[in-house]
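Working notes, structure below.
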Amino acid sequence: MIEKIFNQLFSEDEREKIRSRIRSEPIETMRKAWILFAYLLDYSTYDIAWCTGRKSRQVKYLLSKAEDLFSVNDRTLLNCIDKYERTLEQPGGTDPENNR
């Protein structure tokens, strides 16, 4: 489930910041990277919206912005996604294919 991955990737403080309305960096980039990462794992925008405390329309907007950054190889966004992938691949990490 998406909530399990979200809880594994972020500390309690980071989860609160991602769900908040803070628009400063690096929180905004972390939020966009998380949304894109979850979308790449084939979670729906509805599931992502529920997990991040946003409306589906807001998630779609943030997803489009994250895709724009991804298409121009934004280093910060790519580093966040790489960090998320490494965390899930660690021993004891969750396999996203088995958490649905």
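If you're wondering about the labels, chains in the structure tokens are A, B, ... by order shown, residues count from 1 in each chain, ligands from 1 in order shown.
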Fewer than 6 positions away in the same chain doesn't count, so skip those; otherwise give me all residues within 12 Å of range 68-70 of chain A, counting only C-alpha atoms, as a list of chain:residue names.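 So, after excluding close chain neighbours, the residues are A:Thr29, A:Lys32, A:Ala33, A:Ile35, A:Leu36, A:Phe37, A:Leu40, A:Tyr61, A:Leu62, A:Thr76, A:Leu77, A:Leu78, A:Asn79, A:Cys80, A:Ile81.
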Take the residues from that selection and put them in a file with all heavy atoms, as a CSV table (one decimal), in the first residue's frame.
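Wrote it out as out-v4.csv, contents follow:
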```csv
chain,number,residue,atom,x,y,z
A,29,THR,N,10.3,20.4,-3.6
A,29,THR,CA,10.9,19.4,-4.5
A,29,THR,C,10.7,18.0,-3.9
A,29,THR,O,10.5,17.1,-4.7
A,29,THR,CB,12.4,19.8,-4.6
A,29,THR,OG1,12.6,21.1,-5.2
A,29,THR,CG2,13.1,18.7,-5.6
A,32,LYS,N,7.2,17.1,-4.9
A,32,LYS,CA,7.1,16.8,-6.3
A,32,LYS,C,7.7,15.4,-6.7
A,32,LYS,O,7.2,14.6,-7.4
A,32,LYS,CB,7.7,17.9,-7.2
A,32,LYS,CG,6.9,19.1,-7.2
A,32,LYS,CD,7.6,20.2,-8.0
A,32,LYS,CE,6.9,21.5,-7.9
A,32,LYS,NZ,7.6,22.6,-8.5
A,33,ALA,N,8.9,15.2,-6.1
A,33,ALA,CA,9.6,13.9,-6.3
A,33,ALA,C,8.8,12.8,-5.8
A,33,ALA,O,8.7,11.7,-6.5
A,33,ALA,CB,11.0,14.0,-5.7
A,35,ILE,N,5.5,12.6,-5.4
A,35,ILE,CA,4.3,12.4,-6.3
A,35,ILE,C,4.7,11.7,-7.6
A,35,ILE,O,4.1,10.7,-8.0
A,35,ILE,CB,3.6,13.7,-6.6
A,35,ILE,CG1,3.0,14.2,-5.3
A,35,ILE,CG2,2.6,13.6,-7.7
A,35,ILE,CD1,2.4,15.6,-5.3
A,36,LEU,N,5.8,12.1,-8.2
A,36,LEU,CA,6.3,11.5,-9.4
A,36,LEU,C,6.7,10.1,-9.2
A,36,LEU,O,6.4,9.2,-10.0
A,36,LEU,CB,7.4,12.3,-10.1
A,36,LEU,CG,8.0,11.8,-11.4
A,36,LEU,CD1,6.9,11.7,-12.5
A,36,LEU,CD2,9.2,12.6,-11.8
A,37,PHE,N,7.4,9.8,-8.1
A,37,PHE,CA,7.9,8.5,-7.7
A,37,PHE,C,6.7,7.5,-7.5
A,37,PHE,O,6.7,6.4,-8.1
A,37,PHE,CB,8.8,8.6,-6.5
A,37,PHE,CG,9.3,7.2,-6.1
A,37,PHE,CD1,10.3,6.6,-6.8
A,37,PHE,CD2,8.9,6.6,-4.9
A,37,PHE,CE1,10.9,5.4,-6.4
A,37,PHE,CE2,9.4,5.4,-4.5
A,37,PHE,CZ,10.4,4.8,-5.3
A,40,LEU,N,5.1,6.8,-10.9
A,40,LEU,CA,5.9,5.8,-11.6
A,40,LEU,C,5.8,4.4,-11.1
A,40,LEU,O,6.0,3.4,-11.8
A,40,LEU,CB,7.4,6.2,-11.6
A,40,LEU,CG,7.7,7.5,-12.4
A,40,LEU,CD1,9.2,7.9,-12.2
A,40,LEU,CD2,7.5,7.4,-13.9
A,61,TYR,N,-1.6,18.7,-11.0
A,61,TYR,CA,-0.8,19.9,-11.2
A,61,TYR,C,0.7,19.7,-10.8
A,61,TYR,O,1.6,20.0,-11.5
A,61,TYR,CB,-1.4,21.1,-10.5
A,61,TYR,CG,-0.6,22.4,-10.6
A,61,TYR,CD1,-0.5,23.1,-11.8
A,61,TYR,CD2,0.3,22.8,-9.6
A,61,TYR,CE1,0.3,24.2,-11.9
A,61,TYR,CE2,1.1,23.9,-9.7
A,61,TYR,CZ,1.1,24.6,-10.8
A,61,TYR,OH,1.8,25.7,-11.0
A,62,LEU,N,0.8,19.2,-9.6
A,62,LEU,CA,2.2,19.0,-9.1
A,62,LEU,C,2.9,17.9,-9.9
A,62,LEU,O,4.1,18.0,-10.1
A,62,LEU,CB,2.2,18.6,-7.6
A,62,LEU,CG,1.8,19.7,-6.6
A,62,LEU,CD1,1.6,19.1,-5.2
A,62,LEU,CD2,2.9,20.8,-6.6
A,76,THR,N,18.2,18.0,-8.4
A,76,THR,CA,17.6,17.9,-7.1
A,76,THR,C,16.4,16.9,-7.1
A,76,THR,O,16.4,16.0,-6.3
A,76,THR,CB,17.0,19.2,-6.6
A,76,THR,OG1,18.1,20.2,-6.7
A,76,THR,CG2,16.6,19.1,-5.1
A,77,LEU,N,15.6,17.0,-8.1
A,77,LEU,CA,14.5,16.0,-8.2
A,77,LEU,C,15.0,14.6,-8.5
A,77,LEU,O,14.5,13.7,-7.8
A,77,LEU,CB,13.5,16.4,-9.4
A,77,LEU,CG,12.3,15.6,-9.6
A,77,LEU,CD1,11.2,16.0,-8.7
A,77,LEU,CD2,11.9,15.6,-11.0
A,78,LEU,N,15.9,14.5,-9.4
A,78,LEU,CA,16.5,13.1,-9.7
A,78,LEU,C,17.2,12.5,-8.5
A,78,LEU,O,17.1,11.3,-8.2
A,78,LEU,CB,17.5,13.2,-10.9
A,78,LEU,CG,16.8,13.6,-12.2
A,78,LEU,CD1,17.9,13.8,-13.3
A,78,LEU,CD2,15.8,12.5,-12.6
A,79,ASN,N,17.9,13.4,-7.7
A,79,ASN,CA,18.5,12.9,-6.4
A,79,ASN,C,17.5,12.4,-5.4
A,79,ASN,O,17.7,11.4,-4.8
A,79,ASN,CB,19.4,14.0,-5.8
A,79,ASN,CG,20.7,14.2,-6.6
A,79,ASN,OD1,21.1,13.4,-7.4
A,79,ASN,ND2,21.3,15.4,-6.4
A,80,CYS,N,16.4,13.1,-5.3
A,80,CYS,CA,15.3,12.6,-4.4
A,80,CYS,C,14.8,11.3,-4.8
A,80,CYS,O,14.6,10.4,-4.0
A,80,CYS,CB,14.2,13.7,-4.3
A,80,CYS,SG,14.6,15.2,-3.4
A,81,ILE,N,14.5,11.2,-6.1
A,81,ILE,CA,13.9,9.9,-6.6
A,81,ILE,C,14.9,8.8,-6.5
A,81,ILE,O,14.5,7.7,-6.1
A,81,ILE,CB,13.5,10.1,-8.1
A,81,ILE,CG1,12.2,11.0,-8.2
A,81,ILE,CG2,13.1,8.7,-8.7
A,81,ILE,CD1,11.8,11.4,-9.5
```
For a test of reading the model, state the distance in Å between CA of Pro91 in chain A and CA of Trp34 in chain A, rounded to one decimal.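 One can read the CA of Pro91 in chain A to CA of Trp34 in chain A distance as 20.9 Å.
The two atoms in question, CA of Ser11 in chain A and CA of Tyr46 in chain A, are spaced 22.6 Å apart.
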With a distance cut-off of 8 Å and only C-alpha atoms, select the neighbouring residues of range 56-58 of chain A, excluding the residue or stretch itself and same-chain residues fewer than 5 positions from it, and output the selection as a list in words.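 Near neighbours after the sequence-gap exclusion: Thr45, Tyr46, Ile48 and Ala49 of chain A.
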With N, CA, C and O atoms kept, could you save the residues just selected as a short mmCIF file (atom, residue, chain, number, x, y, z; two decimals), in the first residue's frame?
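Result file out20.cif:
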```cif
data_model
loop_
_atom_site.label_atom_id
_atom_site.label_comp_id
_atom_site.auth_asym_id
_atom_site.auth_seq_id
_atom_site.Cartn_x
_atom_site.Cartn_y
_atom_site.Cartn_z
N THR A 45 -3.58 8.82 -9.15
CA THR A 45 -3.52 10.17 -8.58
C THR A 45 -4.44 10.28 -7.37
O THR A 45 -4.16 11.04 -6.45
N TYR A 46 -5.51 9.49 -7.35
CA TYR A 46 -6.40 9.49 -6.19
C TYR A 46 -5.67 8.97 -4.95
O TYR A 46 -5.76 9.56 -3.88
N ILE A 48 -2.42 8.87 -4.45
CA ILE A 48 -1.36 9.82 -4.12
C ILE A 48 -1.96 11.04 -3.39
O ILE A 48 -1.40 11.52 -2.41
N ALA A 49 -3.09 11.51 -3.88
CA ALA A 49 -3.75 12.66 -3.26
C ALA A 49 -4.16 12.33 -1.83
O ALA A 49 -3.96 13.14 -0.91
#
```
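In terms of minimum interatomic distance to Glu14 in chain A, A:Met30 ranks closest within A:Met30, A:Ile2, A:Val59, A:Ala38, counting only C-alpha atoms.
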